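J.: Take a look at target26.json, JSON, C-alpha atoms and all ligand atoms:
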[["chain", "number", "residue", "atom", "x", "y", "z"],
["A", 1, "MET", "CA", -1.42, -23.76, -4.64],
["A", 2, "THR", "CA", 0.51, -20.92, -6.24],
["A", 3, "LEU", "CA", 2.43, -18.46, -4.12],
["A", 4, "LEU", "CA", 1.84, -14.84, -5.17],
["A", 5, "ASP", "CA", 5.42, -13.61, -5.11],
["A", 6, "GLY", "CA", 5.12, -9.95, -4.16],
["A", 7, "LYS", "CA", 8.85, -9.47, -3.82],
["A", 8, "LYS", "CA", 9.52, -10.67, -7.37],
["A", 9, "THR", "CA", 6.56, -8.73, -8.81],
["A", 10, "SER", "CA", 7.74, -5.61, -6.99],
["A", 11, "GLU", "CA", 11.22, -6.03, -8.48],
["A", 12, "THR", "CA", 9.74, -6.44, -11.96],
["A", 13, "ILE", "CA", 7.68, -3.26, -11.59],
["A", 14, "GLN", "CA", 10.66, -1.35, -10.20],
["A", 15, "ASP", "CA", 12.80, -2.56, -13.13],
["A", 16, "GLU", "CA", 10.15, -1.25, -15.53],
["A", 17, "ILE", "CA", 10.16, 2.11, -13.77],
["A", 18, "ALA", "CA", 13.98, 2.23, -13.71],
["A", 19, "ALA", "CA", 14.04, 1.68, -17.48],
["A", 20, "GLU", "CA", 11.69, 4.63, -17.95],
["A", 21, "VAL", "CA", 13.78, 6.80, -15.66],
["A", 22, "ALA", "CA", 16.91, 5.92, -17.67],
["A", 23, "GLU", "CA", 15.06, 7.00, -20.81],
["A", 24, "ILE", "CA", 13.97, 10.28, -19.21],
["A", 25, "LYS", "CA", 17.55, 10.94, -18.12],
["A", 26, "ALA", "CA", 18.91, 10.13, -21.60],
["A", 27, "LYS", "CA", 16.53, 12.71, -23.07],
["A", 28, "GLY", "CA", 17.57, 15.29, -20.48],
["A", 29, "GLY", "CA", 14.15, 15.30, -18.80],
["A", 30, "LYS", "CA", 13.40, 15.90, -15.15],
["A", 31, "VAL", "CA", 14.30, 13.05, -12.80],
["A", 32, "PRO", "CA", 11.29, 12.10, -10.59],
["A", 33, "HIS", "CA", 11.73, 13.18, -6.98],
["A", 34, "LEU", "CA", 9.89, 11.74, -3.95],
["A", 35, "ALA", "CA", 10.00, 13.36, -0.52],
["A", 36, "ALA", "CA", 8.89, 11.70, 2.71],
["A", 37, "ILE", "CA", 8.02, 13.26, 6.05],
["A", 38, "LEU", "CA", 8.60, 11.03, 9.06],
["A", 39, "VAL", "CA", 7.49, 11.97, 12.58],
["A", 40, "GLY", "CA", 8.90, 10.09, 15.58],
["A", 41, "ASN", "CA", 10.87, 6.86, 15.58],
["A", 42, "ASP", "CA", 8.33, 4.03, 15.55],
["A", 43, "GLY", "CA", 10.30, 0.96, 14.37],
["A", 44, "GLY", "CA", 7.94, -0.01, 11.58],
["A", 45, "SER", "CA", 7.61, 3.52, 10.21],
["A", 46, "VAL", "CA", 11.39, 4.06, 10.18],
["A", 47, "THR", "CA", 11.88, 0.76, 8.29],
["A", 48, "TYR", "CA", 9.20, 1.52, 5.70],
["A", 49, "VAL", "CA", 10.42, 5.07, 5.07],
["A", 50, "ASN", "CA", 14.01, 3.85, 4.74],
["A", 51, "ASN", "CA", 12.82, 1.18, 2.28],
["A", 52, "LYS", "CA", 11.11, 3.88, 0.23],
["A", 53, "VAL", "CA", 14.30, 5.97, 0.10],
["A", 54, "LEU", "CA", 16.34, 2.88, -0.87],
["A", 55, "ALA", "CA", 13.85, 2.08, -3.64],
["A", 56, "CYS", "CA", 14.26, 5.64, -4.98],
["A", 57, "GLU", "CA", 18.03, 5.20, -5.11],
["A", 58, "ARG", "CA", 17.72, 1.82, -6.81],
["A", 59, "ILE", "CA", 15.49, 3.06, -9.62],
["A", 60, "GLY", "CA", 17.19, 6.42, -10.10],
["A", 61, "PHE", "CA", 14.70, 8.78, -8.47],
["A", 62, "GLY", "CA", 15.77, 11.73, -6.42],
["A", 63, "SER", "CA", 14.56, 11.53, -2.82],
["A", 64, "SER", "CA", 14.55, 13.52, 0.37],
["A", 65, "LEU", "CA", 13.63, 12.57, 3.91],
["A", 66, "VAL", "CA", 12.39, 15.15, 6.40],
["A", 67, "SER", "CA", 12.41, 13.78, 9.98],
["A", 68, "TYR", "CA", 10.88, 15.30, 13.11],
["A", 69, "GLU", "CA", 10.81, 14.31, 16.78],
["A", 70, "ASP", "CA", 7.40, 13.10, 17.90],
["A", 71, "ASP", "CA", 6.74, 16.35, 19.77],
["A", 72, "VAL", "CA", 6.76, 18.41, 16.54],
["A", 73, "THR", "CA", 3.88, 20.88, 16.35],
["A", 74, "GLU", "CA", 1.12, 20.67, 13.78],
["A", 75, "GLU", "CA", 2.09, 24.15, 12.62],
["A", 76, "VAL", "CA", 5.66, 23.14, 11.81],
["A", 77, "LEU", "CA", 4.37, 20.15, 9.89],
["A", 78, "LEU", "CA", 1.83, 22.20, 7.94],
["A", 79, "ASN", "CA", 4.51, 24.75, 7.05],
["A", 80, "LYS", "CA", 6.78, 22.00, 5.72],
["A", 81, "ILE", "CA", 3.91, 20.62, 3.64],
["A", 82, "GLN", "CA", 3.31, 24.08, 2.18],
["A", 83, "GLU", "CA", 7.00, 24.29, 1.31],
["A", 84, "LEU", "CA", 6.93, 20.88, -0.43],
["A", 85, "ASN", "CA", 3.72, 21.82, -2.27],
["A", 86, "GLU", "CA", 5.55, 24.83, -3.73],
["A", 87, "ASN", "CA", 8.92, 23.16, -4.37],
["A", 88, "ALA", "CA", 9.03, 22.45, -8.12],
["A", 89, "GLU", "CA", 11.85, 19.93, -7.69],
["A", 90, "VAL", "CA", 9.55, 17.67, -5.61],
["A", 91, "ASP", "CA", 7.07, 15.76, -7.80],
["A", 92, "GLY", "CA", 5.37, 13.90, -4.99],
["A", 93, "PHE", "CA", 5.58, 13.45, -1.24],
["A", 94, "ILE", "CA", 4.10, 11.43, 1.57],
["A", 95, "VAL", "CA", 3.58, 11.93, 5.28],
["A", 96, "GLN", "CA", 4.23, 8.57, 6.92],
["A", 97, "LEU", "CA", 1.34, 7.41, 9.14],
["A", 98, "PRO", "CA", 0.50, 7.02, 11.96],
["A", 99, "LEU", "CA", 1.09, 10.52, 13.33],
["A", 100, "PRO", "CA", 1.26, 11.32, 17.08],
["A", 101, "LYS", "CA", -2.14, 11.91, 18.74],
["A", 102, "HIS", "CA", -1.64, 15.65, 19.21],
["A", 103, "ILE", "CA", -1.57, 16.10, 15.43],
["A", 104, "ASP", "CA", -4.77, 16.08, 13.37],
["A", 105, "ALA", "CA", -3.86, 13.60, 10.63],
["A", 106, "ASN", "CA", -6.85, 14.52, 8.46],
["A", 107, "LYS", "CA", -5.85, 18.17, 8.54],
["A", 108, "VAL", "CA", -2.29, 17.24, 7.57],
["A", 109, "LEU", "CA", -3.40, 15.01, 4.68],
["A", 110, "GLU", "CA", -5.77, 17.72, 3.40],
["A", 111, "ALA", "CA", -2.89, 20.21, 3.33],
["A", 112, "ILE", "CA", -1.05, 18.16, 0.70],
["A", 113, "ASP", "CA", -1.52, 19.39, -2.87],
["A", 114, "PRO", "CA", -3.59, 16.58, -4.52],
["A", 115, "LYS", "CA", -1.25, 16.80, -7.53],
["A", 116, "LYS", "CA", 1.65, 15.74, -5.27],
["A", 117, "ASP", "CA", -0.34, 13.31, -3.11],
["A", 118, "VAL", "CA", 1.34, 10.11, -4.35],
["A", 119, "ASP", "CA", -0.13, 8.15, -1.41],
["A", 120, "GLY", "CA", -3.60, 8.92, -2.78],
["A", 121, "PHE", "CA", -4.88, 9.80, 0.70],
["A", 122, "HIS", "CA", -6.18, 13.34, -0.02],
["A", 123, "PRO", "CA", -10.01, 13.52, -0.21],
["A", 124, "THR", "CA", -9.68, 14.85, -3.77],
["A", 125, "ASN", "CA", -7.86, 11.71, -4.88],
["A", 126, "VAL", "CA", -10.21, 9.48, -2.86],
["A", 127, "GLY", "CA", -13.21, 11.16, -4.50],
["A", 128, "ARG", "CA", -11.69, 10.93, -7.96],
["A", 129, "MET", "CA", -10.97, 7.24, -7.42],
["A", 130, "VAL", "CA", -14.59, 6.60, -6.35],
["A", 131, "ALA", "CA", -15.89, 8.56, -9.35],
["A", 132, "GLY", "CA", -13.63, 6.62, -11.72],
["A", 133, "LEU", "CA", -11.61, 9.72, -12.69],
["A", 134, "PRO", "CA", -7.82, 9.66, -13.14],
["A", 135, "ALA", "CA", -6.36, 9.66, -9.61],
["A", 136, "TYR", "CA", -3.40, 8.48, -7.58],
["A", 137, "LEU", "CA", -4.54, 5.13, -6.18],
["A", 138, "PRO", "CA", -3.37, 4.26, -2.67],
["A", 139, "ALA", "CA", -0.28, 2.09, -3.05],
["A", 140, "THR", "CA", -1.38, -1.03, -1.17],
["A", 141, "PRO", "CA", -4.69, -1.55, -3.05],
["A", 142, "ALA", "CA", -2.94, -0.64, -6.31],
["A", 143, "GLY", "CA", -0.27, -3.25, -5.53],
["A", 144, "ILE", "CA", -2.91, -5.93, -4.92],
["A", 145, "LEU", "CA", -4.53, -5.09, -8.29],
["A", 146, "GLN", "CA", -1.12, -5.52, -9.93],
["A", 147, "LEU", "CA", -0.70, -8.95, -8.32],
["A", 148, "LEU", "CA", -4.14, -10.09, -9.53],
["A", 149, "LYS", "CA", -3.37, -8.75, -13.01],
["A", 150, "ARG", "CA", 0.13, -10.11, -13.42],
["A", 151, "TYR", "CA", -0.93, -13.57, -12.24],
["A", 152, "GLU", "CA", -3.95, -13.30, -14.58],
["A", 153, "ILE", "CA", -6.42, -14.12, -11.82],
["A", 154, "GLU", "CA", -10.09, -13.96, -12.90],
["A", 155, "THR", "CA", -12.04, -11.44, -10.80],
["A", 156, "LYS", "CA", -15.19, -10.84, -12.90],
["A", 157, "GLY", "CA", -18.32, -12.06, -11.14],
["A", 158, "LYS", "CA", -16.28, -13.46, -8.25],
["A", 159, "HIS", "CA", -17.25, -12.85, -4.66],
["A", 160, "CYS", "CA", -14.53, -10.74, -3.05],
["A", 161, "VAL", "CA", -14.65, -10.46, 0.74],
["A", 162, "VAL", "CA", -12.55, -7.68, 2.28],
["A", 163, "ILE", "CA", -11.89, -7.73, 6.03],
["A", 164, "GLY", "CA", -11.02, -4.26, 7.34],
["A", 165, "ARG", "CA", -12.40, -0.84, 6.40],
["A", 166, "SER", "CA", -9.42, 1.48, 6.82],
["A", 167, "ASN", "CA", -9.07, 4.52, 4.59],
["A", 168, "ILE", "CA", -5.69, 3.20, 3.41],
["A", 169, "VAL", "CA", -6.56, -0.38, 2.45],
["A", 170, "GLY", "CA", -9.98, -1.90, 3.18],
["A", 171, "THR", "CA", -12.25, 0.87, 1.92],
["A", 172, "PRO", "CA", -10.40, 1.70, -1.33],
["A", 173, "MET", "CA", -9.77, -2.00, -2.01],
["A", 174, "SER", "CA", -13.47, -2.83, -1.82],
["A", 175, "ILE", "CA", -14.36, 0.04, -4.14],
["A", 176, "LEU", "CA", -11.69, -0.89, -6.69],
["A", 177, "MET", "CA", -12.75, -4.56, -6.74],
["A", 178, "SER", "CA", -16.33, -3.55, -7.57],
["A", 179, "LYS", "CA", -15.33, -1.27, -10.51],
["A", 180, "CYS", "CA", -16.17, -2.26, -14.07],
["A", 181, "THR", "CA", -12.57, -2.65, -15.22],
["A", 182, "TYR", "CA", -10.20, -5.58, -14.74],
["A", 183, "PRO", "CA", -9.09, -6.42, -12.08],
["A", 184, "GLY", "CA", -12.53, -5.75, -10.63],
["A", 185, "GLU", "CA", -16.12, -6.53, -11.58],
["A", 186, "SER", "CA", -16.38, -8.57, -8.39],
["A", 187, "THR", "CA", -19.29, -8.70, -5.97],
["A", 188, "VAL", "CA", -17.83, -7.23, -2.79],
["A", 189, "THR", "CA", -18.58, -7.79, 0.89],
["A", 190, "ILE", "CA", -16.88, -5.60, 3.50],
["A", 191, "CYS", "CA", -16.40, -7.16, 6.94],
["A", 192, "HIS", "CA", -15.16, -5.33, 10.05],
["A", 193, "ARG", "CA", -15.11, -5.51, 13.84],
["A", 194, "ASN", "CA", -18.91, -5.32, 14.06],
["A", 195, "THR", "CA", -19.49, -8.16, 11.62],
["A", 196, "VAL", "CA", -21.52, -11.00, 13.13],
["A", 197, "ASP", "CA", -20.18, -14.47, 12.28],
["A", 198, "LEU", "CA", -17.12, -13.44, 10.28],
["A", 199, "ALA", "CA", -16.41, -17.04, 9.22],
["A", 200, "HIS", "CA", -19.85, -17.28, 7.57],
["A", 201, "HIS", "CA", -18.84, -14.45, 5.24],
["A", 202, "THR", "CA", -15.23, -15.46, 4.61],
["A", 203, "ARG", "CA", -16.29, -18.99, 3.63],
["A", 204, "GLN", "CA", -18.25, -17.45, 0.72],
["A", 205, "ALA", "CA", -15.15, -15.69, -0.62],
["A", 206, "ASP", "CA", -13.61, -16.59, -3.97],
["A", 207, "ILE", "CA", -11.12, -13.81, -3.24],
["A", 208, "LEU", "CA", -10.38, -12.99, 0.41],
["A", 209, "ILE", "CA", -8.45, -9.82, 1.22],
["A", 210, "VAL", "CA", -7.47, -9.38, 4.86],
["A", 211, "ALA", "CA", -6.27, -5.98, 6.13],
["A", 212, "VAL", "CA", -6.80, -5.84, 9.87],
["A", 213, "GLY", "CA", -3.45, -6.15, 11.66],
["A", 214, "ARG", "CA", -4.43, -9.12, 13.85],
["A", 215, "PRO", "CA", -1.96, -11.99, 13.43],
["A", 216, "GLY", "CA", -3.58, -15.31, 12.61],
["A", 217, "LEU", "CA", -7.14, -13.92, 12.43],
["A", 218, "VAL", "CA", -8.03, -16.05, 9.40],
["A", 219, "THR", "CA", -7.81, -19.79, 10.08],
["A", 220, "ALA", "CA", -8.22, -22.72, 7.67],
["A", 221, "ASP", "CA", -11.87, -23.38, 8.62],
["A", 222, "MET", "CA", -12.74, -19.85, 7.46],
["A", 223, "VAL", "CA", -11.48, -20.33, 3.90],
["A", 224, "LYS", "CA", -13.25, -21.94, 0.93],
["A", 225, "GLU", "CA", -11.36, -24.62, -1.01],
["A", 226, "GLY", "CA", -9.65, -22.98, -4.03],
["A", 227, "ALA", "CA", -9.92, -19.40, -2.76],
["A", 228, "VAL", "CA", -7.45, -16.62, -3.58],
["A", 229, "VAL", "CA", -6.13, -15.24, -0.27],
["A", 230, "ILE", "CA", -4.41, -11.84, -0.03],
["A", 231, "ASP", "CA", -2.84, -11.06, 3.35],
["A", 232, "VAL", "CA", -2.13, -7.37, 3.98],
["A", 233, "GLY", "CA", -1.20, -7.71, 7.67],
["A", 234, "THR", "CA", 2.42, -7.11, 8.70],
["A", 235, "THR", "CA", 2.47, -7.11, 12.51],
["A", 236, "ARG", "CA", 5.77, -7.29, 14.38],
["A", 237, "VAL", "CA", 5.63, -10.09, 16.96],
["A", 238, "PRO", "CA", 8.41, -10.84, 19.48],
["A", 239, "ASP", "CA", 10.78, -13.62, 18.37],
["A", 240, "ALA", "CA", 13.81, -14.25, 20.58],
["A", 241, "THR", "CA", 15.45, -16.43, 17.90],
["A", 242, "ARG", "CA", 15.82, -13.42, 15.58],
["A", 243, "LYS", "CA", 18.60, -10.88, 15.78],
["A", 244, "SER", "CA", 16.02, -8.10, 15.45],
["A", 245, "GLY", "CA", 13.99, -9.61, 18.33],
["A", 246, "PHE", "CA", 10.84, -9.77, 16.19],
["A", 247, "ARG", "CA", 9.35, -11.29, 13.08],
["A", 248, "LEU", "CA", 6.51, -10.22, 10.80],
["A", 249, "ARG", "CA", 3.20, -12.04, 10.98],
["A", 250, "GLY", "CA", 0.27, -11.71, 8.63],
["A", 251, "ASP", "CA", -3.44, -11.78, 9.43],
["A", 252, "VAL", "CA", -3.70, -15.24, 7.87],
["A", 253, "ASP", "CA", -2.61, -18.51, 9.49],
["A", 254, "PHE", "CA", -0.50, -19.23, 6.41],
["A", 255, "ASP", "CA", 0.76, -22.71, 7.35],
["A", 256, "ASN", "CA", -2.75, -24.14, 7.65],
["A", 257, "VAL", "CA", -4.57, -21.98, 5.09],
["A", 258, "ALA", "CA", -2.11, -22.32, 2.18],
["A", 259, "ASP", "CA", -3.12, -25.92, 1.31],
["A", 260, "LYS", "CA", -6.73, -24.87, 0.69],
["A", 261, "CYS", "CA", -5.93, -21.95, -1.62],
["A", 262, "SER", "CA", -5.50, -21.62, -5.37],
["A", 263, "TYR", "CA", -3.29, -18.57, -4.73],
["A", 264, "ILE", "CA", -1.95, -17.00, -1.53],
["A", 265, "THR", "CA", 0.43, -14.16, -0.58],
["A", 266, "PRO", "CA", 3.18, -14.82, 1.98],
["A", 267, "VAL", "CA", 4.18, -12.40, 4.77],
["A", 268, "PRO", "CA", 6.80, -11.06, 4.41],
["A", 269, "GLY", "CA", 7.36, -10.95, 0.66],
["A", 270, "GLY", "CA", 3.73, -10.51, -0.38],
["A", 271, "VAL", "CA", 1.76, -7.29, -0.46],
["A", 272, "GLY", "CA", 4.32, -5.17, 1.47],
["A", 273, "PRO", "CA", 6.98, -4.91, -1.25],
["A", 274, "LEU", "CA", 4.29, -4.03, -3.82],
["A", 275, "THR", "CA", 3.23, -1.06, -1.71],
["A", 276, "ILE", "CA", 6.70, 0.38, -2.24],
["A", 277, "ALA", "CA", 6.66, -0.37, -5.99],
["A", 278, "MET", "CA", 3.30, 1.36, -6.48],
["A", 279, "LEU", "CA", 4.42, 4.43, -4.54],
["A", 280, "MET", "CA", 7.28, 4.66, -7.03],
["A", 281, "ALA", "CA", 4.83, 4.19, -9.91],
["A", 282, "ASN", "CA", 2.68, 7.04, -8.57],
["A", 283, "THR", "CA", 5.74, 9.28, -8.26],
["A", 284, "LEU", "CA", 6.67, 8.58, -11.89],
["A", 285, "ARG", "CA", 3.10, 9.46, -12.92],
["A", 286, "ALA", "CA", 3.37, 12.67, -10.89],
["A", 287, "SER", "CA", 6.60, 13.70, -12.61],
["A", 288, "LYS", "CA", 5.01, 12.98, -16.01],
["A", 289, "ARG", "CA", 1.91, 15.01, -15.00],
["A", 290, "GLU", "CA", -0.14, 12.00, -16.04],
["A", 291, "VAL", "CA", -3.05, 12.39, -13.62],
["A", 292, "TYR", "CA", -3.76, 16.12, -13.46],
["A", 293, "GLY", "CA", -2.14, 17.35, -16.69],
["A", 301, "LIG", "N1", 1.73, 7.63, 4.46],
["A", 301, "LIG", "C1", 1.86, 6.30, 4.53],
["A", 301, "LIG", "N2", 1.92, 5.57, 3.40],
["A", 301, "LIG", "C2", 2.06, 4.21, 3.46],
["A", 301, "LIG", "O1", 2.10, 3.53, 2.41],
["A", 301, "LIG", "C3", 2.16, 3.58, 4.75],
["A", 301, "LIG", "C4", 2.09, 4.40, 5.88],
["A", 301, "LIG", "N3", 1.94, 5.74, 5.75],
["A", 301, "LIG", "N4", 2.19, 3.85, 7.12],
["A", 301, "LIG", "C5", 2.39, 2.44, 7.32],
["A", 301, "LIG", "C6", 1.90, 1.60, 6.17],
["A", 301, "LIG", "C7", 2.55, 0.25, 6.10],
["A", 301, "LIG", "N5", 3.28, 0.20, 4.84],
["A", 301, "LIG", "C8", 4.12, -0.82, 4.43],
["A", 301, "LIG", "C9", 5.03, -0.64, 3.40],
["A", 301, "LIG", "C10", 5.93, -1.64, 3.05],
["A", 301, "LIG", "C11", 5.94, -2.84, 3.72],
["A", 301, "LIG", "C12", 6.94, -3.87, 3.34],
["A", 301, "LIG", "O2", 7.78, -3.66, 2.48],
["A", 301, "LIG", "N6", 6.96, -5.02, 4.00],
["A", 301, "LIG", "C13", 7.92, -6.08, 3.74],
["A", 301, "LIG", "C14", 8.84, -6.30, 4.93],
["A", 301, "LIG", "C15", 9.53, -5.07, 5.41],
["A", 301, "LIG", "C16", 10.27, -5.30, 6.74],
["A", 301, "LIG", "O3", 11.37, -5.86, 6.70],
["A", 301, "LIG", "O4", 9.72, -4.93, 7.80],
["A", 301, "LIG", "C17", 7.19, -7.36, 3.44],
["A", 301, "LIG", "O5", 6.00, -7.46, 3.79],
["A", 301, "LIG", "O6", 7.80, -8.25, 2.88],
["A", 301, "LIG", "C18", 5.02, -3.05, 4.72],
["A", 301, "LIG", "C19", 4.13, -2.05, 5.08],
["A", 301, "LIG", "C20", 3.13, 1.40, 4.22],
["A", 301, "LIG", "N7", 2.31, 2.22, 4.90]]
Once you've parsed the file, please lay out its structure as structure tokens.
Ligand SMILES: Nc1nc(=O)c2c([nH]1)NC[C@@H]1CN(c3ccc(C(=O)N[C@@H](CCC(=O)O)C(=O)O)cc3)C=[N+]21
T.:
Amino acid sequence: MTLLDGKKTSETIQDEIAAEVAEIKAKGGKVPHLAAILVGNDGGSVTYVNNKVLACERIGFGSSLVSYEDDVTEEVLLNKIQELNENAEVDGFIVQLPLPKHIDANKVLEAIDPKKDVDGFHPTNVGRMVAGLPAYLPATPAGILQLLKRYEIETKGKHCVVIGRSNIVGTPMSILMSKCTYPGESTVTICHRNTVDLAHHTRQADILIVAVGRPGLVTADMVKEGAVVIDVGTTRVPDATRKSGFRLRGDVDFDNVADKCSYITPVPGGVGPLTIAMLMANTLRASKREVYG
């Protein structure tokens, strides 16, 4: 069994980006700038957004964080988005999800200029991705592709089973794995909460990608011997022995599943850190006008 070291791969990618930023700076070019909008103070969201800002500092990007209380109006949010769309200093920005219920998240995401949508959540980028046109790919699926690629894992003709159909992970992941470029060319099955006999499907998987947010959902009996298992779940569960009072748990019962796998991602230190690296990669592409010219 080989551990897919997301933390190390993320550091490698960020080093590559940092080297490019240093080059841009040496030539007097524009330093990439990422802005993030955070609404409310959900523990996870605050951590992730802070990690994104820290990553910017580490690799030499400019960054700005715009924070609102969770009672902010949709109008205020939409006005800020308009401002960031028009601000030439800002190459890309994200609105951290989830948003409070009184805000229409789809409306907010559609207000972002697709050219600055480094999360790849705008319908224009989703459509371009599906059509195989240059697009910002959502960071988590893009990070998983990087893991498969950098560990040289064969995907052609393999059966890839994706559990979860979210707009952020499951749906784009399944589309990307079916595309005719490496890593891809897999036969893809999408499973979700209405799937009958989930284990029947997962046992057929050469590559199993789990993005549900239910700790321990995938147990050893559900995994084929030699499978590649990618765990996207990062749920905070109470843990009195930790200073923070919680620990992160994936969707896969790692301790029992790992022995059966050819490759597996840990949680933490798997897919999560790559999500940050790929957001940085998208921001660099935005500043170089690589996607939209
Ligand atoms: N607009 C938007 N874009 C996102 O990309 C986005 C979002 N909203 N909302 C929430 C999810 C979740 N997400 C993660 C990012 C990093 C880790 C990550 O770095 N995890 C570390 C541990 C971090 C920790 O200490 O908690 C790990 O797995 O090793 C996890 C999850 C991005 N998301």
J.: Contacts of Ile153 of chain A at 12 Å or less, counting only C-alpha atoms, minus same-chain residues fewer than 4 places along, as number ranges by chain?
T.: A: 2, 4, 144-149, 158, 182-184, 186, 206-207, 227-229, 262-264
J.: To one decimal in Å, tell me the separation between atom CA of Val161 of chain A and atom CA of Val257 of chain A.
T.: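 These two atoms are separated by 15.9 Å.
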J.: Restricting the calculation to only C-alpha atoms and all ligand atoms, which member of A:Thr12, A:Asn50, A:Asn87, A:Asn125 is positioned closest to ligand LIG 301 (chain A)?
T.: A:Asn50
J.: Which residues are near Leu217 of chain A? Cut-off 8 Å, only C-alpha atoms, ignore same chain within fewer than 5 positions. Put them as a list of chain:residue names.
T.: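 So, after excluding close chain neighbours, the residues are A:Asp251, A:Val252, A:Asp253.
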J.: Nearest to Phe93 of chain A: which of A:Ala286, A:Cys180, A:Val223, A:Ala19 is it, counting only C-alpha atoms?
T.: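 Smallest distance to Phe93 of chain A is found for A:Ala286.
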J.: Using only C-alpha atoms and all ligand atoms, find each residue with an atom at most 8 Å away from ligand LIG 301 (chain A) and format the answer as a PyMOL selection string.
T.: chain A and resi 6-7+44-45+47-48+51+94-98+119+121+138-140+168+234+248+267-276+279
J.: Which of these, A:Tyr136, A:Thr283, A:Val39, A:Ser63, has the shortest distance to Ala105 of chain A once you count only C-alpha atoms?
T.: A:Val39
J.: Go through A:Val237, A:Met1, A:Val126, A:Leu65 one by one, measure the shortest atom-to-atom distance of each to Pro114 of chain A using all atoms listed in the file, and give the residue with the smallest value.
T.: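 Closest to Pro114 of chain A of all the choices is A:Val126.
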J.: Could you state the separation of atom CA of Thr219 of chain A and atom CA of His159 of chain A in Å, given to one decimal place?
T.: 18.8 Å
J.: Gly213 of chain A: which residues within 10 Å, counting only C-alpha atoms, same-chain residues fewer than 6 positions away excluded, as a VMD selection string?
T.: chain A and resid 164 231 to 236 249 to 252
J.: Select, from A:Ala205, A:Asp42, A:Glu11, A:Glu154, the residue with the minimum atom-to-atom distance to Thr181 of chain A, counting only C-alpha atoms.
T.: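 Result for the nearest residue to Thr181 of chain A: A:Glu154.
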J.: Of the candidates A:Val31, A:Ala18, A:Leu3, A:Leu284, which shows the shortest atom-to-atom distance to Cys261 of chain A, using all atoms listed in the file?
T.: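 For Cys261 of chain A, the nearest of the candidates is A:Leu3.
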J.: What gap, in Å, lies between atom CA of Met222 of chain A and atom CA of Thr202 of chain A?
T.: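 Separation of atom CA of Met222 of chain A and atom CA of Thr202 of chain A: 5.8 Å.
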J.: Can you pull out the residues contacting Val169 of chain A? Cut-off 7 Å, using all atoms listed in the file, and skip same-chain residues under 4 positions away; I want them as number ranges by chain.
T.: A: 140-141, 173, 211
J.: Let me see the file: selected residues, C-alpha atoms, as a compact mmCIF listing (two decimals), in the frame of the given file.
T.:
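Saved file selection24.txt follows:
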# COMPACT_ATOMS: atom_id res chain seq x y z
CA THR A 140 -1.38 -1.03 -1.17
CA PRO A 141 -4.69 -1.55 -3.05
CA MET A 173 -9.77 -2.00 -2.01
CA ALA A 211 -6.27 -5.98 6.13
